[in-house]
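Take a look at the structure set out below.
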Amino acid sequence: MSLTLRTISREQHLAYIQSLPAASHMQVPAWADVKAEWRSENLGWFDDKTGQMVGAGLVLYRQLPKIKRYLAYLPEGPVINWFAPNLDDWLQPMLAHLKHQGAFSVKMGPPVIIRRWEATSIKGGIQNPDVKRLRDIEADFIEPRAFEVADKLRRMGWQQGEDGGAGFGDVQPRYVFQVPLANRSLEEVHRNFNQLWRRNIKKAEKAGVEVVQGGYQDLEEWQRLYEITAIRDHFRPRPLSYFQRMWTALNTEDPNRMRLYFARHNGVNLSAATMLVVGGHVWYSYGASDNIGREVRPSNAMQWRMLRDAYALGATVYDLRGISDSLDETDHLFGLIQFKVGTGGEAAEYLGEWDFPLNKLLHKALDMYMSRR
């Protein structure tokens, strides 16, 4: 297939995303409005023979301090046929175009899964003292084509990003936890929860915990719970304006793109979460909870409601986003994987993020600047 790459309109980009079964929420045109501090561009790949659009990418440009050169970033993208035999023909024109736009370095995150581990395998790994990382457990599913993609990228000069495997911070998570919903009944999904999860859902129900959907006007209440969580879990919270921008941008593009949930008990909101929807892929994106009321298990009740809503929307996967690959009980992120494993889903490892230094000197300077930050 011979291809042409060119800048496209947001409308063209959105129409293409809507024609697919799913794509990352970071590759929809409106994500550019969420990341307002970056300049953005929408790219389209066209089949020369038919003139049809066959791929798309949202590029975010971040200017280097003091000079007019940019880092070009395609988070969890571009949305192309990653298993095409001629991957060169897709990526070389993109690099040439981005260089012409003033990029000194390109970062992308191929949405390609290499391995999957089922919950039972992870549980076994947690119980085995010799197992320290997810990688130490034999995977239940391996995608051989993903290794071919990695080989091709290396041969082209792409370098694997240093995300440390923990999958948090500015880079996108390499390891995620997902509950598959395609061709399964809700009863089956519920049956797959571990005993503790089922017990906690029942406990919340008995205690009268109700889960409700909120709107833009409730984002201040969301922020209150989120900042309590940030203090407790030692991370720097995003400002309220970020979530307001996210809500406005995403829901203007598609009224069902972002949802907000609260779990409340006796009229008091105890936990909250944001949910994102693109086609058949649904993400639990941000979570927050108070330090009080944990005994009535609001978080379990809320996740179960969100999962049911995702199912009702026809989702094929409910994505609980990032996990660390560490199975060490002393690791501060261990509780997160334990909580998510309880849903009976599966851990998935993506190819991770890849860099292409178009200007090696500036790329190195950026690396140094980021490590000092």
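By convention here, the chains of the structure tokens are called A, B, ... in the order presented, each chain's residues are numbered starting at 1, and ligands are numbered starting at 1 in the order presented.
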
Mind checking which residues fall within 6 Å of stretch 308-321 of chain A, counting only C-alpha atoms, ignoring those fewer than 2 positions away in the same chain, and posting them as a count of residues only? 14

Polymer residues at most 9 Å from stretch 332-338 of chain A, only C-alpha atoms, same-chain spacing of 3 or more positions, as a PDB file with C-alpha atoms, in the first residue's frame:
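For reference, selection_34.pdb as written:
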ATOM      1  CA  LYS A 123      -2.397 -14.173  42.568  1.00  0.00           C
ATOM      2  CA  ALA A 166       6.354   1.755  37.180  1.00  0.00           C
ATOM      3  CA  PHE A 177      -5.247  -3.712  34.337  1.00  0.00           C
ATOM      4  CA  GLY A 322      -1.954   1.893  35.264  1.00  0.00           C
ATOM      5  CA  ILE A 323      -0.415  -0.590  37.658  1.00  0.00           C
ATOM      6  CA  SER A 324       3.171  -1.031  38.751  1.00  0.00           C
ATOM      7  CA  ASP A 325       4.851  -4.249  37.620  1.00  0.00           C
ATOM      8  CA  SER A 326       6.159  -4.793  41.162  1.00  0.00           C
ATOM      9  CA  LEU A 327       4.603  -7.656  43.154  1.00  0.00           C
ATOM     10  CA  ASP A 328       6.639  -6.834  46.249  1.00  0.00           C
ATOM     11  CA  GLU A 329       4.292  -6.327  49.216  1.00  0.00           C
ATOM     12  CA  VAL A 341      -6.579  -7.940  40.653  1.00  0.00           C
ATOM     13  CA  GLY A 342      -9.690  -8.440  42.814  1.00  0.00           C
TER      14      GLY A 342
END

Taking 5 positions as the minimum chain separation for residues in the same chain, which residues sit within 9 Å of stretch 8-22 of chain A when counting only C-alpha atoms? Answer as a VMD selection string. chain A and resid 27 to 30 41 to 44 53 to 58 79 253 278 to 281

Could you save those same residues with C-alpha atoms as a PDB file, in the first residue's frame?
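Once everything was written out, this is out.pdb:
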ATOM      1  CA  GLN A  27      -5.866  10.294  20.435  1.00  0.00           C
ATOM      2  CA  VAL A  28      -9.230  12.023  20.088  1.00  0.00           C
ATOM      3  CA  PRO A  29      -9.029  15.590  18.711  1.00  0.00           C
ATOM      4  CA  ALA A  30     -10.463  17.097  21.926  1.00  0.00           C
ATOM      5  CA  GLU A  41      -1.813  19.051  14.971  1.00  0.00           C
ATOM      6  CA  ASN A  42      -4.043  16.342  13.492  1.00  0.00           C
ATOM      7  CA  LEU A  43      -2.383  14.004  11.009  1.00  0.00           C
ATOM      8  CA  GLY A  44      -4.009  11.628   8.549  1.00  0.00           C
ATOM      9  CA  MET A  53      -8.059   7.692   5.203  1.00  0.00           C
ATOM     10  CA  VAL A  54      -6.423   4.668   6.847  1.00  0.00           C
ATOM     11  CA  GLY A  55      -4.763   6.154   9.942  1.00  0.00           C
ATOM     12  CA  ALA A  56      -4.729   9.222  12.194  1.00  0.00           C
ATOM     13  CA  GLY A  57      -2.590  10.779  14.876  1.00  0.00           C
ATOM     14  CA  LEU A  58      -2.913  13.606  17.381  1.00  0.00           C
ATOM     15  CA  VAL A  79      -3.768   5.155  15.392  1.00  0.00           C
ATOM     16  CA  GLU A 253     -16.755  16.614  21.277  1.00  0.00           C
ATOM     17  CA  VAL A 278     -14.102   6.029  23.252  1.00  0.00           C
ATOM     18  CA  GLY A 279     -16.034   3.466  21.227  1.00  0.00           C
ATOM     19  CA  GLY A 280     -15.884   0.092  22.963  1.00  0.00           C
ATOM     20  CA  HIS A 281     -13.044   1.081  25.319  1.00  0.00           C
TER      21      HIS A 281
END

At a cut-off of 10 Å, using only C-alpha atoms, what residues contact A:Met94? Leave out same-chain residues fewer than 5 positions from it and give the result as a list in words.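 Surrounding residues, per the criterion: Thr4, Leu5, Arg6, Leu43, Gly44, Trp45, Gly57, Pro78, Asp88, Asp89, Lys99, His100 and Val106 of chain A.
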
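Distance check against A:Arg62 using only C-alpha atoms: of A:Ile137, A:Ile80, A:Ala36, A:Ala230, the minimum falls on A:Ala36.
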
As a PyMOL selection string, please: the residues near A:Gly214 (cut-off 6 Å, only C-alpha atoms, same-chain neighbours under 3 positions excluded). chain A and resi 218+260-261

Could you write out, as an MDAnalysis selection string, all the residues of stretch 79-233 of chain A that DSSP marks as alpha helix (DSSP H)? chainID A and resid 87:100 119:127 144:156 186:192 195:207 219:233

Long-range neighbours of A:Pro144 as a list in words, 12 Å cut-off, only C-alpha atoms, 3 positions minimum in chain: Phe83, Val112, Ile113, Ile114, Arg115, Phe141, Phe147, Glu148, Val149, Ala150, Asp151 and Leu351 of chain A

Quick one: everything within 6 Å of A:Pro75, counting only C-alpha atoms, minus sequence neighbours fewer than 5 positions away in the same chain. Send it as a count of residues only. 3

Between A:Gln101, A:Asn256, A:Ser40, A:Gln52, which has the minimum distance to A:Leu358 (counting only C-alpha atoms)? A:Gln101

DSSP on the backbone, strand (DSSP E) only: what residues of stretch 99-197 of chain A does that give? Format it as a ChimeraX atom specification. /A:103-108,113-118,141-142,159-160,175-180

Serialized selection, N, CA and C atoms, as a tab-separated table (two decimals), in the first residue's frame:
chain	number	residue	atom	x	y	z
A	103	ALA	N	10.28	19.91	14.99
A	103	ALA	CA	10.49	18.95	16.10
A	103	ALA	C	11.96	18.53	16.14
A	104	PHE	N	12.53	18.48	17.36
A	104	PHE	CA	13.90	17.96	17.52
A	104	PHE	C	13.87	16.53	18.02
A	105	SER	N	12.68	16.10	18.53
A	105	SER	CA	12.55	14.74	19.04
A	105	SER	C	11.09	14.33	18.97
A	106	VAL	N	10.85	13.03	18.72
A	106	VAL	CA	9.48	12.52	18.64
A	106	VAL	C	9.29	11.43	19.68
A	107	LYS	N	8.19	11.50	20.40
A	107	LYS	CA	7.86	10.45	21.37
A	107	LYS	C	6.48	9.91	20.99
A	108	MET	N	6.35	8.58	20.97
A	108	MET	CA	5.04	7.99	20.66
A	108	MET	C	4.82	6.76	21.55
A	113	ILE	N	-0.35	-4.36	22.52
A	113	ILE	CA	-0.16	-5.16	23.74
A	113	ILE	C	0.74	-6.35	23.43
A	114	ILE	N	1.76	-6.55	24.29
A	114	ILE	CA	2.68	-7.68	24.10
A	114	ILE	C	2.21	-8.92	24.86
A	115	ARG	N	1.90	-8.73	26.15
A	115	ARG	CA	1.56	-9.88	27.01
A	115	ARG	C	0.34	-9.57	27.85
A	116	ARG	N	-0.32	-10.65	28.27
A	116	ARG	CA	-1.42	-10.54	29.23
A	116	ARG	C	-1.26	-11.61	30.31
A	117	TRP	N	-1.61	-11.25	31.55
A	117	TRP	CA	-1.60	-12.20	32.66
A	117	TRP	C	-2.97	-12.22	33.31
A	118	GLU	N	-3.54	-13.40	33.46
A	118	GLU	CA	-4.85	-13.49	34.11
A	118	GLU	C	-4.72	-13.31	35.62
A	141	PHE	N	-0.93	-14.97	27.75
A	141	PHE	CA	-1.09	-14.67	26.33
A	141	PHE	C	0.11	-13.84	25.87
A	142	ILE	N	0.68	-14.21	24.73
A	142	ILE	CA	1.79	-13.45	24.15
A	142	ILE	C	1.45	-13.14	22.71
A	159	GLN	N	14.17	4.52	19.90
A	159	GLN	CA	14.74	4.04	21.16
A	159	GLN	C	13.61	3.87	22.18
A	160	GLN	N	13.70	2.79	22.93
A	160	GLN	CA	12.65	2.55	23.93
A	160	GLN	C	12.78	3.55	25.06
A	175	TYR	N	2.13	-0.84	32.00
A	175	TYR	CA	1.31	-1.96	32.50
A	175	TYR	C	-0.05	-1.42	32.94
A	176	VAL	N	-1.12	-2.07	32.46
A	176	VAL	CA	-2.46	-1.64	32.84
A	176	VAL	C	-3.26	-2.87	33.29
A	177	PHE	N	-4.39	-2.61	33.92
A	177	PHE	CA	-5.25	-3.71	34.34
A	177	PHE	C	-6.61	-3.54	33.68
A	178	GLN	N	-7.09	-4.58	33.01
A	178	GLN	CA	-8.33	-4.49	32.23
A	178	GLN	C	-9.29	-5.63	32.57
A	179	VAL	N	-10.58	-5.30	32.54
A	179	VAL	CA	-11.60	-6.34	32.69
A	179	VAL	C	-12.26	-6.53	31.32
A	180	PRO	N	-12.03	-7.69	30.66
A	180	PRO	CA	-12.66	-7.91	29.35
A	180	PRO	C	-14.16	-8.11	29.51
